[in-house]
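The structure under discussion appears below in the form of structure tokens.
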Number of protein chains: 2
Amino acid sequence: MTIDTDGLLGRLSGAIEANAAAQTAFLAKLVSFDTTRGKEAACQDFIASELAARGGTVDRFTIAEVPIAGKPGASAVVDVDYEKAVQVVATFRAPAPNGRSLILQGHIDVVPTGPLEQWEHPPFEPVIKDGFLYGRGSTDMKVGVASMIFALDALAAIGLEPAADVFVETVSEEECTGNGALATLERGYRADACFIPESMDNRLIRAELGSVWFRLRILGKPVHVLQAQAGASAILAAYDYITALQALTARINERARTHRWFGHIENPVKFSCGKIRGGDWLGSVPAWCEIECRLSVLPGDSLPDMRAWVLEAVADCATRLGADAPPALAWIGFQADGHVFEPGSEAEAVLERVHETVFGTPLERFSMTATSDTRQYDLYYGIPTLCYGPRGSGAHSAAERTELDSMIETTKAIALFIAEWCGTRPKAVD
Amino acid sequence: MTIDTDGLLGRLSGAIEANAAAQTAFLAKLVSFDTTRGKEAACQDFIASELAARGGTVDRFTIAEVPIAGKPGASAVVDVDYEKAVQVVATFRAPAPNGRSLILQGHIDVVPTGPLEQWEHPPFEPVIKDGFLYGRGSTDMKVGVASMIFALDALAAIGLEPAADVFVETVSEEECTGNGALATLERGYRADACFIPESMDNRLIRAELGSVWFRLRILGKPVHVLQAQAGASAILAAYDYITALQALTARINERARTHRWFGHIENPVKFSCGKIRGGDWLGSVPAWCEIECRLSVLPGDSLPDMRAWVLEAVADCATRLGADAPPALAWIGFQADGHVFEPGSEAEAVLERVHETVFGTPLERFSMTATSDTRQYDLYYGIPTLCYGPRGSGAHSAAERTELDSMIETTKAIALFIAEWCGTRPKAVD
């Protein structure tokens, strides 16, 4: 079954295609902001002004203003000033609403660029080539932010507005804690559904992994290298801990073979040591080494259990190494549950029909071996949340790019979803 | 055979013991300076004023003022401003000299403290306990600096002065390049012998290893951790390079079994990865990792050969890992030859007699599995150089300490050596 009441898709498509150049320019503008952690404010200010210009009531606040500590979904935070973590919620309130309300959510934080020599073009100087827009954050997920805003624009362009409240949220911290999304929820924003247009190749996330982030501080025994045999290198010991955590990961993956949502994926649980710092001086056996690691969390595995397994693996390794004590361990970011978007929601049914209408193919669901903000709305606050968005590639890599044709098609799907979910009415004339 | 013309040792000993409290206070003062790399100037200024007060003609200069690049013994320098690298040479010129001239040399640079939590007392707040003085640099080698200066004081105290020129040199960069010592030589200071009172348990260095320092910058393939299998972690690759360099070291140590001066020591050649930095973000497979390493150089192995072996081991590892290219390698510190202080010198004969006179035991020679400034004078400039000094322990560790009784006894040996080597004459009355 497809939907397209009164040629609505055709009219929306016409408006979106007519506005494609502006949407691409808007995306390029977003990508031109360096929104790595702690630097999101300028981009958020820009978006806030754009949403205000579209008639939204803008609430711009920082995570520091919202008491999130200890709330479900709250993650550990270190070395970051949440006074700088600006979040934006623009409310488009429907007078006398008679449809279903909707949160459109996208994150504007991006991961660090890594070595600049690996980039063909500077990461924050977007380049359009052969139908792709290149740059850090292009596909993850500024294209989604541009798409959800221009989907609303398309409705307005054809003289319609949603018949229920729509909240446009742009958040930070998606890449490390999810605390931006959490702050919008704890600030009180709720709706009948949430739509997060992450670049998912127009598939719907059925299940996703959680993640725990932690730091180990390993101490060695510093001696002169002339007595290297008497000292214990903290750098070499770090690799023993990495190996121990890889072994823990292998055991979890062994168990995952029968997991309902991840059993079909080989080794879905990923361990990565993403950051390492150790030693001060080449003439001394290194006395310290810090490693920062992340480990996926399967839906159904509890965070307390995960943390206990990590601590146990670390303690066992310390014993094997003959360390006086296990290294200090700190939880420093994501403490995110794995999560399943349960089948059967009305929101999913609407998206299914919308996707078939726009693309002519059945909606595919899949299990993602990473973490998004979806859980914050769906798992902890009971808001059915669709994570579905355009095609792109190279997220977190120096080859990150988004496919502009896909952006346009996905914008059509989002616009049609808004219309179908919220209902529409003729736009009030200002 | 022992020497002690006219009860000279007895008179020197009396003067040194009478001045022991002042010498200990002087050592404590030296240790109280944080003279880690780049911060040596204040300590050097203090020493310069002390030497000037003793009648020395002080030449205080920085390494930046001396063209050392490309000279024999010059080491690679990175990330350091030699405008701050203050060296001190105080000349005590003998009018109408009729003895043999002497350089007394000590380094005042110290290695970093490492984690402060490993120190019982703050590293630059010297503590005296049970006959030891604790603190960073106490044994390596501010005790030697105090001893050589107070040895000269003892001669003056008993009304004598050397019958030949004596140069008191305090240098930096001993712990990483040897460029401080080299700068004194290139500035023109020469003598008939050099004496470096490093803490050697009153043994003489017969042979010592050289060292090469290098940095590898390893690039991975950054991807999202959800595709971890497609990315190559630069941090994990770093351990492959470490393993490859350990294997190279094992091959060198195998060959060292028949080395004339190091064959009796098990695995004399030390490889150490002393510093590591890698990765930016836990959600990305780390795209870069830098490791800084040092590898000992046997006397007889040439530096060009050593460097070629390192490059070959790195290139082979890169091939095994399927890397597009070997990681960039930079030589970043010591490019120091191994070195043998050849038996048979007059200086050694004098030290032998002095040691027996002071300690009543034969002088022991040994092969040291580390690097000192000795080579700069002895190997490259043909100045017979004795590296011999007091007892201490914990060099480069958080338990560094020097034994104060040994300092006093060693000061006697140095004073007697000066008298025997340079000859003495009644001190001119000012």
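Ordered as shown in the structure tokens, chains take letters A, B, and onward, while each chain numbers its residues from 1 and ligands are numbered from 1 in the order shown.
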Note to self: Residues of range 280-346 of chain A classed as helix (DSSP H, G or I) by DSSP on the backbone are to be reported as number ranges by chain.
What the structure shows: A: 303-321, 346
Checklist line | Selection: 9 Å around Tyr381 in chain A, only C-alpha atoms, excl. self and same-chain fewer than 3 positions, as a PyMOL selection string | finding: chain A and resi 72+185+190+375-378+384
Next item on the list: Could you list, as a PyMOL selection string, the residues of chain A having an atom within 8 Å of chain B when counting only C-alpha atoms?
Entry: chain A and resi 111-112+114-115+175-176+213+221-226+228+235+239+270+272-288+292-294+368-370+394-398
Notebook entry, point to check: Between B:Gln335, B:Arg136, B:Gly38, B:Ala193, which is the closest to Lys71 in chain B once you count only C-alpha atoms?
Noted result: B:Gln335
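Once Pro343 in chain A and its same-chain neighbours fewer than 3 positions away are set aside, Leu204, Ile205, Arg206, Ala207, Val340, Glu346, Ala347, Glu348, Ala349, Glu352, Arg365, Phe366, Pro384, Thr385 and Leu386 of chain A remain within 12 Å of it when counting only C-alpha atoms.
Between CA of Val168 in chain A and CA of Ser75 in chain A the interatomic distance comes to 23.1 Å.
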Next item on the list: Please identify which residues in range 62-293 of chain B DSSP calls strand (DSSP E) from the backbone, and express them as a PyMOL selection string.
Entry: chain B and resi 62+86-92+102-107+127-129+132-134+160-162+166-171+193-196+203-208+210-219+271-278+288-293
Can you tell me which residues surround Ala244 in chain B at a distance of at most 9 Å, considering only C-alpha atoms, apart from same-chain residues fewer than 4 positions away, and format the answer as a PDB file with N, CA, C and O atoms, in the first residue's frame?
ATOM      1  N   TYR B 239      52.112  -1.445  18.217  1.00  0.00           N
ATOM      2  CA  TYR B 239      52.663  -2.582  18.947  1.00  0.00           C
ATOM      3  C   TYR B 239      53.337  -3.580  18.022  1.00  0.00           C
ATOM      4  O   TYR B 239      54.295  -4.240  18.416  1.00  0.00           O
ATOM      5  N   ASP B 240      52.864  -3.652  16.795  1.00  0.00           N
ATOM      6  CA  ASP B 240      53.574  -4.502  15.830  1.00  0.00           C
ATOM      7  C   ASP B 240      54.972  -3.948  15.561  1.00  0.00           C
ATOM      8  O   ASP B 240      55.941  -4.706  15.451  1.00  0.00           O
ATOM      9  N   LEU B 248      64.574  -7.060  16.450  1.00  0.00           N
ATOM     10  CA  LEU B 248      65.874  -6.540  16.006  1.00  0.00           C
ATOM     11  C   LEU B 248      66.849  -6.503  17.181  1.00  0.00           C
ATOM     12  O   LEU B 248      68.017  -6.909  17.062  1.00  0.00           O
ATOM     13  N   THR B 249      66.370  -6.035  18.324  1.00  0.00           N
ATOM     14  CA  THR B 249      67.214  -5.944  19.516  1.00  0.00           C
ATOM     15  C   THR B 249      67.721  -7.327  19.925  1.00  0.00           C
ATOM     16  O   THR B 249      68.895  -7.489  20.290  1.00  0.00           O
ATOM     17  N   ALA B 313      63.981  -2.849   9.797  1.00  0.00           N
ATOM     18  CA  ALA B 313      62.997  -3.544  10.638  1.00  0.00           C
ATOM     19  C   ALA B 313      61.625  -2.886  10.510  1.00  0.00           C
ATOM     20  O   ALA B 313      60.593  -3.562  10.460  1.00  0.00           O
ATOM     21  N   VAL B 314      61.628  -1.562  10.439  1.00  0.00           N
ATOM     22  CA  VAL B 314      60.365  -0.832  10.312  1.00  0.00           C
ATOM     23  C   VAL B 314      59.730  -1.102   8.946  1.00  0.00           C
ATOM     24  O   VAL B 314      58.522  -1.359   8.839  1.00  0.00           O
ATOM     25  N   ASP B 316      60.192  -3.697   6.980  1.00  0.00           N
ATOM     26  CA  ASP B 316      59.705  -5.080   6.920  1.00  0.00           C
ATOM     27  C   ASP B 316      58.364  -5.216   7.629  1.00  0.00           C
ATOM     28  O   ASP B 316      57.456  -5.900   7.153  1.00  0.00           O
ATOM     29  N   CYS B 317      58.258  -4.563   8.769  1.00  0.00           N
ATOM     30  CA  CYS B 317      57.005  -4.633   9.527  1.00  0.00           C
ATOM     31  C   CYS B 317      55.874  -3.985   8.727  1.00  0.00           C
ATOM     32  O   CYS B 317      54.762  -4.505   8.675  1.00  0.00           O
TER      33      CYS B 317
END
Item checked: Shell around Leu160 in chain B at 6 Å using only C-alpha atoms, local window under 2 positions removed, as a list in words -> Leu155, Ala156, Ile158, Arg425, Pro426 and Lys427 of chain B
Next item on the list: Would you kindly return, as an MDAnalysis selection string, each protein, DNA or RNA residue with an atom no farther than 9 Å from any atom of Ala419 in chain A, considering only C-alpha atoms and excluding same-chain residues fewer than 4 positions away?
Entry: chainID A and resid 8 155 160:163 414:415 423:424
Check: Within 12 Å of Leu133 in chain A, counting only C-alpha atoms, which residues qualify if same-chain residues fewer than 2 places away don't, as a PyMOL selection string?
Finding: chain A and resi 23-32+121+123-131+135-140+142-143+391-394+399-407
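Between CA of Ser49 in chain B and CA of Gly99 in chain B lies a distance of 26.9 Å.
One finds CA of Gly360 in chain A at 23.9 Å from CA of Ile149 in chain A.
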